[in-house]
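Heads up, entry07.cif below (mmCIF, C-alpha atoms (C1' of nucleotides)):
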data_run
loop_
_atom_site.group_PDB
_atom_site.id
_atom_site.type_symbol
_atom_site.label_atom_id
_atom_site.label_comp_id
_atom_site.auth_asym_id
_atom_site.auth_seq_id
_atom_site.Cartn_x
_atom_site.Cartn_y
_atom_site.Cartn_z
ATOM 1 C CA MET A 88 107.631 41.326 116.201
ATOM 2 C CA THR A 89 104.455 39.362 115.597
ATOM 3 C CA GLN A 90 101.194 41.257 115.883
ATOM 4 C CA PHE A 91 98.573 39.111 117.586
ATOM 5 C CA ARG A 92 94.922 39.362 116.678
ATOM 6 C CA SER A 93 93.873 38.516 120.243
ATOM 7 C CA GLY A 94 95.167 36.992 123.468
ATOM 8 C CA CYS A 95 93.966 33.536 122.472
ATOM 9 C CA PRO A 96 96.823 30.994 122.406
ATOM 10 C CA ILE A 97 95.415 29.299 119.317
ATOM 11 C CA ALA A 98 94.902 32.501 117.324
ATOM 12 C CA SER A 99 98.328 33.700 118.426
ATOM 13 C CA ALA A 100 99.991 30.434 117.438
ATOM 14 C CA LEU A 101 98.354 30.781 114.027
ATOM 15 C CA ASP A 102 99.627 34.348 113.764
ATOM 16 C CA ILE A 103 103.076 32.770 113.830
ATOM 17 C CA ILE A 104 102.653 29.495 111.951
ATOM 18 C CA GLY A 105 99.268 29.739 110.241
ATOM 19 C CA ASP A 106 100.224 29.287 106.614
ATOM 20 C CA LYS A 107 100.741 26.332 104.325
ATOM 21 C CA TRP A 108 104.493 26.018 104.629
ATOM 22 C CA SER A 109 105.688 26.687 108.187
ATOM 23 C CA LEU A 110 104.617 23.383 109.719
ATOM 24 C CA VAL A 111 105.800 21.522 106.618
ATOM 25 C CA ILE A 112 109.265 22.961 107.309
ATOM 26 C CA ILE A 113 109.014 21.932 110.985
ATOM 27 C CA ARG A 114 107.985 18.426 109.887
ATOM 28 C CA SER A 115 110.984 18.147 107.569
ATOM 29 C CA MET A 116 113.293 19.189 110.375
ATOM 30 C CA VAL A 117 111.771 16.621 112.738
ATOM 31 C CA VAL A 118 112.668 13.854 110.298
ATOM 32 C CA GLY A 119 116.185 15.063 109.731
ATOM 33 C CA ALA A 120 116.355 17.909 107.223
ATOM 34 C CA THR A 121 118.837 20.562 108.279
ATOM 35 C CA SER A 122 120.007 22.575 105.308
ATOM 36 C CA TYR A 123 118.289 24.936 102.917
ATOM 37 C CA SER A 124 118.711 22.402 100.101
ATOM 38 C CA ASP A 125 117.341 19.576 102.292
ATOM 39 C CA LEU A 126 114.238 21.692 102.835
ATOM 40 C CA LEU A 127 114.064 22.533 99.143
ATOM 41 C CA SER A 128 114.126 18.857 98.143
ATOM 42 C CA THR A 129 110.928 17.756 99.825
ATOM 43 C CA PRO A 130 108.029 16.364 97.802
ATOM 44 C CA GLU A 131 106.003 19.569 98.079
ATOM 45 C CA LYS A 132 108.390 21.608 95.875
ATOM 46 C CA ILE A 133 108.417 24.847 97.809
ATOM 47 C CA SER A 134 109.626 27.919 95.883
ATOM 48 C CA THR A 135 113.024 29.264 96.842
ATOM 49 C CA ASN A 136 111.774 32.720 97.736
ATOM 50 C CA ILE A 137 109.015 31.280 99.908
ATOM 51 C CA LEU A 138 111.443 28.935 101.699
ATOM 52 C CA ALA A 139 113.843 31.785 102.370
ATOM 53 C CA GLU A 140 111.032 33.979 103.634
ATOM 54 C CA ARG A 141 109.594 31.277 105.909
ATOM 55 C CA LEU A 142 113.017 30.434 107.366
ATOM 56 C CA ARG A 143 113.547 34.094 108.146
ATOM 57 C CA ARG A 144 110.132 34.311 109.829
ATOM 58 C CA LEU A 145 110.594 31.102 111.820
ATOM 59 C CA GLU A 146 113.992 32.343 112.976
ATOM 60 C CA ASP A 147 112.543 35.750 113.893
ATOM 61 C CA ALA A 148 109.842 33.967 115.902
ATOM 62 C CA GLY A 149 112.463 31.920 117.735
ATOM 63 C CA LEU A 150 111.359 28.521 116.421
ATOM 64 C CA ILE A 151 114.543 27.725 114.511
ATOM 65 C CA ARG A 152 118.113 28.932 114.551
ATOM 66 C CA GLN A 153 121.103 28.698 112.264
ATOM 67 C CA SER A 154 123.201 26.039 113.913
ATOM 68 C CA GLN A 155 125.842 26.450 111.234
ATOM 69 C CA PRO A 156 126.143 29.250 108.695
ATOM 70 C CA ARG A 157 126.876 28.316 105.110
ATOM 71 C CA GLN A 158 130.421 28.793 103.988
ATOM 72 C CA GLY A 159 130.784 28.893 100.238
ATOM 73 C CA SER A 160 129.866 25.437 99.036
ATOM 74 C CA ILE A 161 129.908 24.009 102.561
ATOM 75 C CA ARG A 162 126.257 23.793 103.404
ATOM 76 C CA GLY A 163 124.766 25.562 106.408
ATOM 77 C CA ALA A 164 122.329 24.088 108.877
ATOM 78 C CA TYR A 165 119.190 25.076 110.678
ATOM 79 C CA ALA A 166 117.980 23.509 113.910
ATOM 80 C CA LEU A 167 114.795 23.581 115.910
ATOM 81 C CA THR A 168 114.943 25.600 119.088
ATOM 82 C CA THR A 169 113.226 24.473 122.291
ATOM 83 C CA LYS A 170 110.250 26.600 121.328
ATOM 84 C CA GLY A 171 110.179 25.130 117.837
ATOM 85 C CA ALA A 172 110.590 21.569 119.067
ATOM 86 C CA ALA A 173 107.603 22.152 121.360
ATOM 87 C CA LEU A 174 105.515 22.120 118.163
ATOM 88 C CA ILE A 175 106.252 18.427 117.631
ATOM 89 C CA PRO A 176 103.067 17.234 119.407
ATOM 90 C CA VAL A 177 101.082 19.656 117.225
ATOM 91 C CA VAL A 178 102.453 18.324 113.960
ATOM 92 C CA GLN A 179 102.113 14.725 115.201
ATOM 93 C CA GLU A 180 98.454 15.344 116.005
ATOM 94 C CA LEU A 181 97.968 16.987 112.617
ATOM 95 C CA ALA A 182 99.577 13.946 110.990
ATOM 96 C CA ARG A 183 97.143 11.642 112.785
ATOM 97 C CA TRP A 184 94.251 13.758 111.587
ATOM 98 C CA GLY A 185 95.523 13.781 108.019
ATOM 99 C CA GLU A 186 96.140 10.029 107.994
ATOM 100 C CA THR A 187 92.657 9.209 109.251
ATOM 101 C CA GLN A 188 90.622 11.883 107.508
ATOM 102 C CA ILE A 189 92.215 12.256 104.091
ATOM 103 C CA PRO A 190 92.313 9.250 101.792
ATOM 104 C CA ASP A 191 95.529 7.881 100.311
ATOM 105 C CA ARG A 192 97.941 9.821 102.505
ATOM 106 C CA TRP A 193 101.230 8.095 103.233
ATOM 107 C CA THR A 194 102.171 7.157 106.776
ATOM 108 C CA PRO A 195 105.056 9.163 108.232
ATOM 109 C CA PRO A 196 108.210 7.229 109.174
ATOM 110 C CA GLU A 197 108.280 5.772 112.684
ATOM 111 C CA ARG A 198 110.902 8.234 113.754
ATOM 112 C CA PHE A 199 108.442 10.994 113.137
ATOM 113 C CA TYR A 200 105.876 9.704 115.628
ATOM 114 C CA ALA A 201 108.663 8.667 118.003
ATOM 115 C CA ALA A 202 110.137 12.168 118.071
ATOM 116 C CA ARG A 203 109.854 14.153 121.276
ATOM 117 C CA PRO A 204 110.686 17.801 121.895
ATOM 118 C CA SER A 205 113.477 16.749 124.266
ATOM 119 C CA ASP A 206 115.240 14.953 121.398
ATOM 120 C CA PHE A 207 116.067 18.386 120.068
ATOM 121 C CA ALA A 208 118.215 19.427 122.984
ATOM 122 C CA ALA A 209 118.350 23.145 123.371
ATOM 123 C CA ARG A 210 121.412 24.945 122.235
ATOM 124 C CA ASP A 211 119.470 28.066 121.781
ATOM 125 C CA SER A 212 122.132 30.604 122.505
ATOM 126 C CA TYR A 213 125.453 29.261 121.310
ATOM 127 C CA PRO A 214 126.520 27.625 118.072
ATOM 128 C CA ALA A 215 127.071 23.869 117.883
ATOM 129 C CA ALA A 216 130.605 22.601 117.685
ATOM 130 C CA ASP A 217 129.782 19.711 115.342
ATOM 131 C CA MET B 218 88.214 19.713 95.404
ATOM 132 C CA THR B 219 91.373 20.373 97.333
ATOM 133 C CA GLN B 220 94.619 20.044 95.384
ATOM 134 C CA PHE B 221 97.267 18.436 97.557
ATOM 135 C CA ARG B 222 100.933 19.374 97.243
ATOM 136 C CA SER B 223 102.005 15.853 98.185
ATOM 137 C CA GLY B 224 100.751 12.662 99.813
ATOM 138 C CA CYS B 225 101.981 13.762 103.219
ATOM 139 C CA PRO B 226 99.156 13.889 105.789
ATOM 140 C CA ILE B 227 100.548 17.039 107.369
ATOM 141 C CA ALA B 228 101.012 18.947 104.129
ATOM 142 C CA SER B 229 97.579 17.786 102.987
ATOM 143 C CA ALA B 230 95.942 18.840 106.243
ATOM 144 C CA LEU B 231 97.536 22.255 105.776
ATOM 145 C CA ASP B 232 96.218 22.401 102.210
ATOM 146 C CA ILE B 233 92.784 22.336 103.834
ATOM 147 C CA ILE B 234 93.220 24.317 107.057
ATOM 148 C CA GLY B 235 96.581 26.058 106.704
ATOM 149 C CA ASP B 236 95.616 29.676 107.066
ATOM 150 C CA LYS B 237 95.116 32.058 109.948
ATOM 151 C CA TRP B 238 91.370 31.717 110.306
ATOM 152 C CA SER B 239 90.206 28.136 109.759
ATOM 153 C CA LEU B 240 91.311 26.715 113.104
ATOM 154 C CA VAL B 241 90.120 29.862 114.879
ATOM 155 C CA ILE B 242 86.660 29.089 113.498
ATOM 156 C CA ILE B 243 86.952 25.460 114.630
ATOM 157 C CA ARG B 244 87.999 26.678 118.096
ATOM 158 C CA SER B 245 84.974 28.963 118.330
ATOM 159 C CA MET B 246 82.688 26.103 117.400
ATOM 160 C CA VAL B 247 84.254 23.831 120.020
ATOM 161 C CA VAL B 248 83.350 26.361 122.712
ATOM 162 C CA GLY B 249 79.822 26.845 121.507
ATOM 163 C CA ALA B 250 79.599 29.251 118.609
ATOM 164 C CA THR B 251 77.095 28.100 116.002
ATOM 165 C CA SER B 252 75.888 31.005 113.898
ATOM 166 C CA TYR B 253 77.582 33.320 111.447
ATOM 167 C CA SER B 254 77.135 36.204 113.876
ATOM 168 C CA ASP B 255 78.547 34.119 116.770
ATOM 169 C CA LEU B 256 81.646 33.544 114.656
ATOM 170 C CA LEU B 257 81.777 37.207 113.701
ATOM 171 C CA SER B 258 81.734 38.310 117.328
ATOM 172 C CA THR B 259 84.957 36.696 118.473
ATOM 173 C CA PRO B 260 87.839 38.792 119.786
ATOM 174 C CA GLU B 261 89.842 38.458 116.561
ATOM 175 C CA LYS B 262 87.412 40.567 114.474
ATOM 176 C CA ILE B 263 87.372 38.532 111.299
ATOM 177 C CA SER B 264 86.117 40.333 108.173
ATOM 178 C CA THR B 265 82.724 39.298 106.871
ATOM 179 C CA ASN B 266 83.946 38.294 103.429
ATOM 180 C CA ILE B 267 86.766 36.191 104.937
ATOM 181 C CA LEU B 268 84.359 34.469 107.369
ATOM 182 C CA ALA B 269 81.948 33.668 104.553
ATOM 183 C CA GLU B 270 84.769 32.362 102.367
ATOM 184 C CA ARG B 271 86.242 30.216 105.140
ATOM 185 C CA LEU B 272 82.841 28.758 106.054
ATOM 186 C CA ARG B 273 82.290 27.849 102.424
ATOM 187 C CA ARG B 274 85.704 26.188 102.227
ATOM 188 C CA LEU B 275 85.296 24.308 105.506
ATOM 189 C CA GLU B 276 81.916 23.086 104.341
ATOM 190 C CA ASP B 277 83.324 22.055 100.948
ATOM 191 C CA ALA B 278 86.058 20.136 102.766
ATOM 192 C CA GLY B 279 83.456 18.333 104.894
ATOM 193 C CA LEU B 280 84.590 19.787 108.236
ATOM 194 C CA ILE B 281 81.390 21.684 108.995
ATOM 195 C CA ARG B 282 77.822 21.562 107.825
ATOM 196 C CA GLN B 283 74.805 23.839 108.016
ATOM 197 C CA SER B 284 72.758 22.274 110.763
ATOM 198 C CA GLN B 285 70.073 24.879 110.292
ATOM 199 C CA PRO B 286 69.705 27.326 107.432
ATOM 200 C CA ARG B 287 68.951 30.926 108.268
ATOM 201 C CA GLN B 288 65.380 31.996 107.793
ATOM 202 C CA GLY B 289 65.082 35.734 107.507
ATOM 203 C CA SER B 290 65.953 37.098 110.907
ATOM 204 C CA ILE B 291 65.946 33.652 112.482
ATOM 205 C CA ARG B 292 69.616 32.823 112.689
ATOM 206 C CA GLY B 293 71.109 29.796 111.002
ATOM 207 C CA ALA B 294 73.595 27.385 112.523
ATOM 208 C CA TYR B 295 76.737 25.560 111.558
ATOM 209 C CA ALA B 296 77.984 22.395 113.222
ATOM 210 C CA LEU B 297 81.193 20.417 113.185
ATOM 211 C CA THR B 298 81.057 17.177 111.276
ATOM 212 C CA THR B 299 82.834 14.033 112.488
ATOM 213 C CA LYS B 300 85.767 14.967 110.290
ATOM 214 C CA GLY B 301 85.813 18.489 111.654
ATOM 215 C CA ALA B 302 85.441 17.369 115.261
ATOM 216 C CA ALA B 303 88.453 15.107 114.712
ATOM 217 C CA LEU B 304 90.511 18.310 114.623
ATOM 218 C CA ILE B 305 89.799 18.938 118.315
ATOM 219 C CA PRO B 306 93.022 17.236 119.530
ATOM 220 C CA VAL B 307 94.957 19.365 117.031
ATOM 221 C CA VAL B 308 93.567 22.664 118.279
ATOM 222 C CA GLN B 309 93.948 21.531 121.895
ATOM 223 C CA GLU B 310 97.611 20.738 121.257
ATOM 224 C CA LEU B 311 98.051 24.083 119.519
ATOM 225 C CA ALA B 312 96.452 25.794 122.526
ATOM 226 C CA ARG B 313 98.931 24.092 124.860
ATOM 227 C CA TRP B 314 101.791 25.259 122.670
ATOM 228 C CA GLY B 315 100.475 28.810 122.544
ATOM 229 C CA GLU B 316 99.906 28.939 126.285
ATOM 230 C CA THR B 317 103.397 27.759 127.127
ATOM 231 C CA GLN B 318 105.395 29.428 124.385
ATOM 232 C CA ILE B 319 103.749 32.808 123.917
ATOM 233 C CA PRO B 320 103.670 35.212 126.843
ATOM 234 C CA ASP B 321 100.450 36.698 128.196
ATOM 235 C CA ARG B 322 98.049 34.415 126.354
ATOM 236 C CA TRP B 323 94.767 33.726 128.122
ATOM 237 C CA THR B 324 93.870 30.184 129.180
ATOM 238 C CA PRO B 325 90.987 28.649 127.253
ATOM 239 C CA PRO B 326 87.858 27.743 129.245
ATOM 240 C CA GLU B 327 87.833 24.284 130.825
ATOM 241 C CA ARG B 328 85.181 23.097 128.441
ATOM 242 C CA PHE B 329 87.632 23.649 125.624
ATOM 243 C CA TYR B 330 90.238 21.230 126.942
ATOM 244 C CA ALA B 331 87.495 18.859 128.109
ATOM 245 C CA ALA B 332 85.984 18.661 124.630
ATOM 246 C CA ARG B 333 86.264 15.399 122.754
ATOM 247 C CA PRO B 334 85.415 14.654 119.130
ATOM 248 C CA SER B 335 82.663 12.296 120.265
ATOM 249 C CA ASP B 336 80.886 15.205 121.972
ATOM 250 C CA PHE B 337 80.024 16.427 118.520
ATOM 251 C CA ALA B 338 77.889 13.465 117.598
ATOM 252 C CA ALA B 339 77.733 12.944 113.897
ATOM 253 C CA ARG B 340 74.625 13.991 112.099
ATOM 254 C CA ASP B 341 76.545 14.424 108.979
ATOM 255 C CA SER B 342 73.883 13.654 106.480
ATOM 256 C CA TYR B 343 70.562 14.831 107.826
ATOM 257 C CA PRO B 344 69.457 18.122 109.325
ATOM 258 C CA ALA B 345 68.963 18.467 113.075
ATOM 259 C CA ALA B 346 65.444 18.726 114.378
ATOM 260 C CA ASP B 347 66.271 21.139 117.169
ATOM 261 C "C1'" DA C 49 146.105 32.205 90.606
ATOM 262 C "C1'" DT C 50 142.070 31.439 87.994
ATOM 263 C "C1'" DT C 51 137.941 29.093 86.850
ATOM 264 C "C1'" DT C 52 134.076 26.230 87.988
ATOM 265 C "C1'" DC C 53 130.727 24.549 91.034
ATOM 266 C "C1'" DT C 54 127.755 24.575 94.991
ATOM 267 C "C1'" DT C 55 124.729 26.593 98.229
ATOM 268 C "C1'" DA C 56 121.705 30.009 99.603
ATOM 269 C "C1'" DC C 57 119.541 33.031 98.453
ATOM 270 C "C1'" DT C 58 117.383 37.831 95.720
ATOM 271 C "C1'" DT C 59 114.793 40.052 92.149
ATOM 272 C "C1'" DG C 60 111.016 41.233 88.939
ATOM 273 C "C1'" DC C 61 106.625 40.489 87.917
ATOM 274 C "C1'" DA C 62 102.026 38.281 87.422
ATOM 275 C "C1'" DT C 63 98.521 36.148 89.990
ATOM 276 C "C1'" DT C 64 96.023 35.218 94.063
ATOM 277 C "C1'" DT C 65 94.577 36.204 98.606
ATOM 278 C "C1'" DT C 66 93.387 39.221 102.232
ATOM 279 C "C1'" DG C 67 90.730 42.661 104.342
ATOM 280 C "C1'" DC C 68 88.166 47.307 104.573
ATOM 281 C "C1'" DA C 69 83.962 49.540 103.889
ATOM 282 C "C1'" DA C 70 79.757 49.862 101.834
ATOM 283 C "C1'" DG C 71 75.899 47.650 100.013
ATOM 284 C "C1'" DT C 72 72.307 43.813 99.134
ATOM 285 C "C1'" DT C 73 68.882 40.155 99.985
ATOM 286 C "C1'" DA C 74 65.274 37.652 102.188
ATOM 287 C "C1'" DA C 75 62.338 36.837 105.662
ATOM 288 C "C1'" DA C 76 60.839 37.707 110.422
ATOM 289 C "C1'" DA C 77 59.214 41.245 113.535
ATOM 290 C "C1'" DA C 78 56.926 45.395 114.460
ATOM 291 C "C1'" DT D 128 53.394 48.098 105.072
ATOM 292 C "C1'" DT D 129 57.707 49.259 107.073
ATOM 293 C "C1'" DT D 130 61.658 48.175 109.815
ATOM 294 C "C1'" DT D 131 65.008 45.155 111.583
ATOM 295 C "C1'" DT D 132 67.970 41.285 111.542
ATOM 296 C "C1'" DA D 133 71.188 37.903 109.795
ATOM 297 C "C1'" DA D 134 74.048 36.476 106.303
ATOM 298 C "C1'" DC D 135 76.242 37.506 103.219
ATOM 299 C "C1'" DT D 136 78.323 40.079 98.300
ATOM 300 C "C1'" DT D 137 80.842 43.568 95.967
ATOM 301 C "C1'" DG D 138 84.572 46.784 94.636
ATOM 302 C "C1'" DC D 139 88.937 47.884 95.344
ATOM 303 C "C1'" DA D 140 93.617 48.531 97.457
ATOM 304 C "C1'" DA D 141 97.274 46.238 99.726
ATOM 305 C "C1'" DA D 142 99.744 42.202 100.837
ATOM 306 C "C1'" DA D 143 101.177 37.598 99.986
ATOM 307 C "C1'" DT D 144 102.336 33.889 96.943
ATOM 308 C "C1'" DG D 145 104.949 31.683 93.514
ATOM 309 C "C1'" DC D 146 107.464 31.261 88.849
ATOM 310 C "C1'" DA D 147 111.642 31.850 86.528
ATOM 311 C "C1'" DA D 148 115.845 33.907 86.088
ATOM 312 C "C1'" DG D 149 119.692 35.856 88.205
ATOM 313 C "C1'" DT D 150 123.363 36.887 91.953
ATOM 314 C "C1'" DA D 151 126.945 36.381 95.641
ATOM 315 C "C1'" DA D 152 130.362 34.097 98.306
ATOM 316 C "C1'" DG D 153 133.409 30.732 99.190
ATOM 317 C "C1'" DA D 154 134.989 25.884 98.467
ATOM 318 C "C1'" DA D 155 136.748 22.775 95.030
ATOM 319 C "C1'" DA D 156 139.000 21.888 90.847
ATOM 320 C "C1'" DT D 157 142.342 23.047 87.490
#
The structure in this file should be written as structure tokens.
Amino acid sequence: MTQFRSGCPIASALDIIGDKWSLVIIRSMVVGATSYSDLLSTPEKISTNILAERLRRLEDAGLIRQSQPRQGSIRGAYALTTKGAALIPVVQELARWGETQIPDRWTPPERFYAARPSDFAARDSYPAAD
Amino acid sequence: MTQFRSGCPIASALDIIGDKWSLVIIRSMVVGATSYSDLLSTPEKISTNILAERLRRLEDAGLIRQSQPRQGSIRGAYALTTKGAALIPVVQELARWGETQIPDRWTPPERFYAARPSDFAARDSYPAAD
DNA sequence: ATTTCTTACTTGCATTTTGCAAGTTAAAAA
DNA sequence: TTTTTAACTTGCAAAATGCAAGTAAGAAAT
């Protein structure tokens, strides 16, 4: 259970996702990453223990869920929840800031800026059949 | 000089402001805080060494500047730069997320959501006369 | 049935960051 | 001259981060 520093929505949001990796994970999921190894294979080269720890925290905070558990060598899958998908406008705005204020950043794919929270239809409380 | 994990604008933005305090400081400045003691007196109770370190980093990254140095017991002042003010849509979006997704968060003052980057007119390279 | 491979981690440890509490500095105010 | 104020710095303990190596479970291959 997250301890909040204050009642401020910004400070509280940062108590949940205020680190260098959480929104990077959300970004990767917006553009299609689903499995642990998908998330491991991004350009930023996250460490395995950090990825595991962040996924656990994001799940505990209700932002992602395991839509399919791993079975042996059949890969598992994570999905954004409604609450997690609601962060899409935040990461899109952060992307705009980064593109305009930091030189030589690449432009995200169109599907990133086209993504909307409703694209990630909630299946928050039962596993997917696919 | 910030080391970036990748060329991604989001990851790079987080390399600069991806911690629990930086955007809280930006928020406080959007709603009027200017001095070190203003920033110290927010509900979150930041530690003095962390505040000093964050202010140094934000200044090094070009997001804030010292608009007036402290003179003895005459307080100094920090101001958002153009680059820093460009983060306003990000913190506004984060506030919306926090308000809707985290129970019992207070609503920011109207002047917070009304704020626009252009309100913080750039004086990036010369000190203010006021 | 056994062995190999894949996927998702866990573990140990060194380094870095965070944060508490106390202390310092410089200049204005008394 | 002394006191107060504002903005820090310092020392240290605890927590977080991240590297590299290792483990577990089940599918795939033999």
Distance-based interface of chain B with chain C, 8 Å, counting all atoms listed in the file, as a count of residues only | 6
In Å, with one decimal, what is the gap from atom CA of Arg114 of chain A to atom CA of Gly171 of chain A?
->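 Distance reported for this atom pair: 10.6 Å.
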Per residue of chain D within 10 Å of chain B, which atom pair is closest and at what distance in Å (one decimal), using all atoms listed in the file, listed by chain and increasing number, as JSON lines?
{"residue": "D:DT131", "atom": "C1'", "partner": "B:Ser290", "partner_atom": "CA", "distance": 8.1}
{"residue": "D:DT132", "atom": "C1'", "partner": "B:Ser290", "partner_atom": "CA", "distance": 4.7}
{"residue": "D:DA133", "atom": "C1'", "partner": "B:Ser290", "partner_atom": "CA", "distance": 5.4}
{"residue": "D:DA134", "atom": "C1'", "partner": "B:Tyr253", "partner_atom": "CA", "distance": 7.0}
{"residue": "D:DC135", "atom": "C1'", "partner": "B:Ala269", "partner_atom": "CA", "distance": 7.0}
{"residue": "D:DT136", "atom": "C1'", "partner": "B:Asn266", "partner_atom": "CA", "distance": 7.8}
{"residue": "D:DT137", "atom": "C1'", "partner": "B:Asn266", "partner_atom": "CA", "distance": 9.7}
Sorted by chain and rising residue number, which residues of chain A lie within 8 Å of chain B, and what are their closest atom pairs and distances in Å to one decimal, counting all atoms listed in the file, as JSON lines?
{"residue": "A:Arg92", "atom": "CA", "partner": "B:Glu261", "partner_atom": "CA", "distance": 5.2}
{"residue": "A:Ser93", "atom": "CA", "partner": "B:Glu261", "partner_atom": "CA", "distance": 5.5}
{"residue": "A:Gly94", "atom": "CA", "partner": "B:Arg322", "partner_atom": "CA", "distance": 4.8}
{"residue": "A:Cys95", "atom": "CA", "partner": "B:Arg322", "partner_atom": "CA", "distance": 5.7}
{"residue": "A:Pro96", "atom": "CA", "partner": "B:Gly315", "partner_atom": "CA", "distance": 4.3}
{"residue": "A:Ile97", "atom": "CA", "partner": "B:Ala312", "partner_atom": "CA", "distance": 4.9}
{"residue": "A:Ala98", "atom": "CA", "partner": "B:Val241", "partner_atom": "CA", "distance": 6.0}
{"residue": "A:Ser99", "atom": "CA", "partner": "B:Gly315", "partner_atom": "CA", "distance": 6.7}
{"residue": "A:Ala100", "atom": "CA", "partner": "B:Gly315", "partner_atom": "CA", "distance": 5.4}
{"residue": "A:Leu101", "atom": "CA", "partner": "B:Lys237", "partner_atom": "CA", "distance": 5.4}
{"residue": "A:Asp102", "atom": "CA", "partner": "B:Lys237", "partner_atom": "CA", "distance": 6.3}
{"residue": "A:Gly105", "atom": "CA", "partner": "B:Lys237", "partner_atom": "CA", "distance": 4.8}
{"residue": "A:Asp106", "atom": "CA", "partner": "B:Asp236", "partner_atom": "CA", "distance": 4.6}
{"residue": "A:Lys107", "atom": "CA", "partner": "B:Gly235", "partner_atom": "CA", "distance": 4.8}
{"residue": "A:Trp108", "atom": "CA", "partner": "B:Ala228", "partner_atom": "CA", "distance": 7.9}
{"residue": "A:Leu110", "atom": "CA", "partner": "B:Ile227", "partner_atom": "CA", "distance": 7.9}
{"residue": "A:Val111", "atom": "CA", "partner": "B:Ala228", "partner_atom": "CA", "distance": 6.0}
{"residue": "A:Arg114", "atom": "CA", "partner": "B:Ile227", "partner_atom": "CA", "distance": 8.0}
{"residue": "A:Pro130", "atom": "CA", "partner": "B:Ser223", "partner_atom": "CA", "distance": 6.1}
{"residue": "A:Glu131", "atom": "CA", "partner": "B:Arg222", "partner_atom": "CA", "distance": 5.1}
{"residue": "A:Lys132", "atom": "CA", "partner": "B:Arg222", "partner_atom": "CA", "distance": 7.9}
{"residue": "A:Lys170", "atom": "CA", "partner": "B:Gln318", "partner_atom": "CA", "distance": 6.4}
{"residue": "A:Ala173", "atom": "CA", "partner": "B:Trp314", "partner_atom": "CA", "distance": 6.7}
{"residue": "A:Leu174", "atom": "CA", "partner": "B:Trp314", "partner_atom": "CA", "distance": 6.6}
{"residue": "A:Pro176", "atom": "CA", "partner": "B:Glu310", "partner_atom": "CA", "distance": 6.7}
{"residue": "A:Val177", "atom": "CA", "partner": "B:Glu310", "partner_atom": "CA", "distance": 5.4}
{"residue": "A:Val178", "atom": "CA", "partner": "B:Ile227", "partner_atom": "CA", "distance": 7.0}
{"residue": "A:Glu180", "atom": "CA", "partner": "B:Val307", "partner_atom": "CA", "distance": 5.4}
{"residue": "A:Leu181", "atom": "CA", "partner": "B:Ile227", "partner_atom": "CA", "distance": 5.8}
{"residue": "A:Ala182", "atom": "CA", "partner": "B:Ile227", "partner_atom": "CA", "distance": 4.9}
{"residue": "A:Arg183", "atom": "CA", "partner": "B:Pro226", "partner_atom": "CA", "distance": 7.6}
{"residue": "A:Trp184", "atom": "CA", "partner": "B:Leu304", "partner_atom": "CA", "distance": 6.6}
{"residue": "A:Gly185", "atom": "CA", "partner": "B:Pro226", "partner_atom": "CA", "distance": 4.3}
{"residue": "A:Glu186", "atom": "CA", "partner": "B:Pro226", "partner_atom": "CA", "distance": 5.4}
{"residue": "A:Gln188", "atom": "CA", "partner": "B:Lys300", "partner_atom": "CA", "distance": 6.4}
{"residue": "A:Ile189", "atom": "CA", "partner": "B:Pro226", "partner_atom": "CA", "distance": 7.3}
{"residue": "A:Asp191", "atom": "CA", "partner": "B:Gly224", "partner_atom": "CA", "distance": 7.1}
{"residue": "A:Arg192", "atom": "CA", "partner": "B:Gly224", "partner_atom": "CA", "distance": 4.8}
{"residue": "A:Trp193", "atom": "CA", "partner": "B:Cys225", "partner_atom": "CA", "distance": 5.7}
{"residue": "A:Thr194", "atom": "CA", "partner": "B:Pro226", "partner_atom": "CA", "distance": 7.4}
{"residue": "A:Pro195", "atom": "CA", "partner": "B:Cys225", "partner_atom": "CA", "distance": 7.5}
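Going from atom CA of Tyr165 of chain A to atom CA of Asp206 of chain A covers 15.3 Å.
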Expected selection from the PyMOL selection byres ((chain B and resi 282) around 8), given as a PyMOL selection string = chain B and resi 276+279-281+283-284+295-298+341
Residue selection dump (C-alpha atoms) as an mmCIF file, in the frame of the given file:
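For reference, selection.cif as written:
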data_model
loop_
_atom_site.group_PDB
_atom_site.id
_atom_site.type_symbol
_atom_site.label_atom_id
_atom_site.label_comp_id
_atom_site.auth_asym_id
_atom_site.auth_seq_id
_atom_site.Cartn_x
_atom_site.Cartn_y
_atom_site.Cartn_z
ATOM 1 C CA GLU B 276 81.916 23.086 104.341
ATOM 2 C CA GLY B 279 83.456 18.333 104.894
ATOM 3 C CA LEU B 280 84.590 19.787 108.236
ATOM 4 C CA ILE B 281 81.390 21.684 108.995
ATOM 5 C CA GLN B 283 74.805 23.839 108.016
ATOM 6 C CA SER B 284 72.758 22.274 110.763
ATOM 7 C CA TYR B 295 76.737 25.560 111.558
ATOM 8 C CA ALA B 296 77.984 22.395 113.222
ATOM 9 C CA LEU B 297 81.193 20.417 113.185
ATOM 10 C CA THR B 298 81.057 17.177 111.276
ATOM 11 C CA ASP B 341 76.545 14.424 108.979
#
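Here atom C1' of DA143 of chain D is placed at a distance of 19.3 Å from atom CA of Gln220 of chain B.
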Taking every listed atom of segment 136-146 of chain D and adding 3 Å to each side, what centre and edge lengths in Å (one decimal) does the axis-aligned box have, as JSON?
{"center_x": 92.9, "center_y": 39.9, "center_z": 94.8, "size_x": 35.1, "size_y": 23.3, "size_z": 18.0}
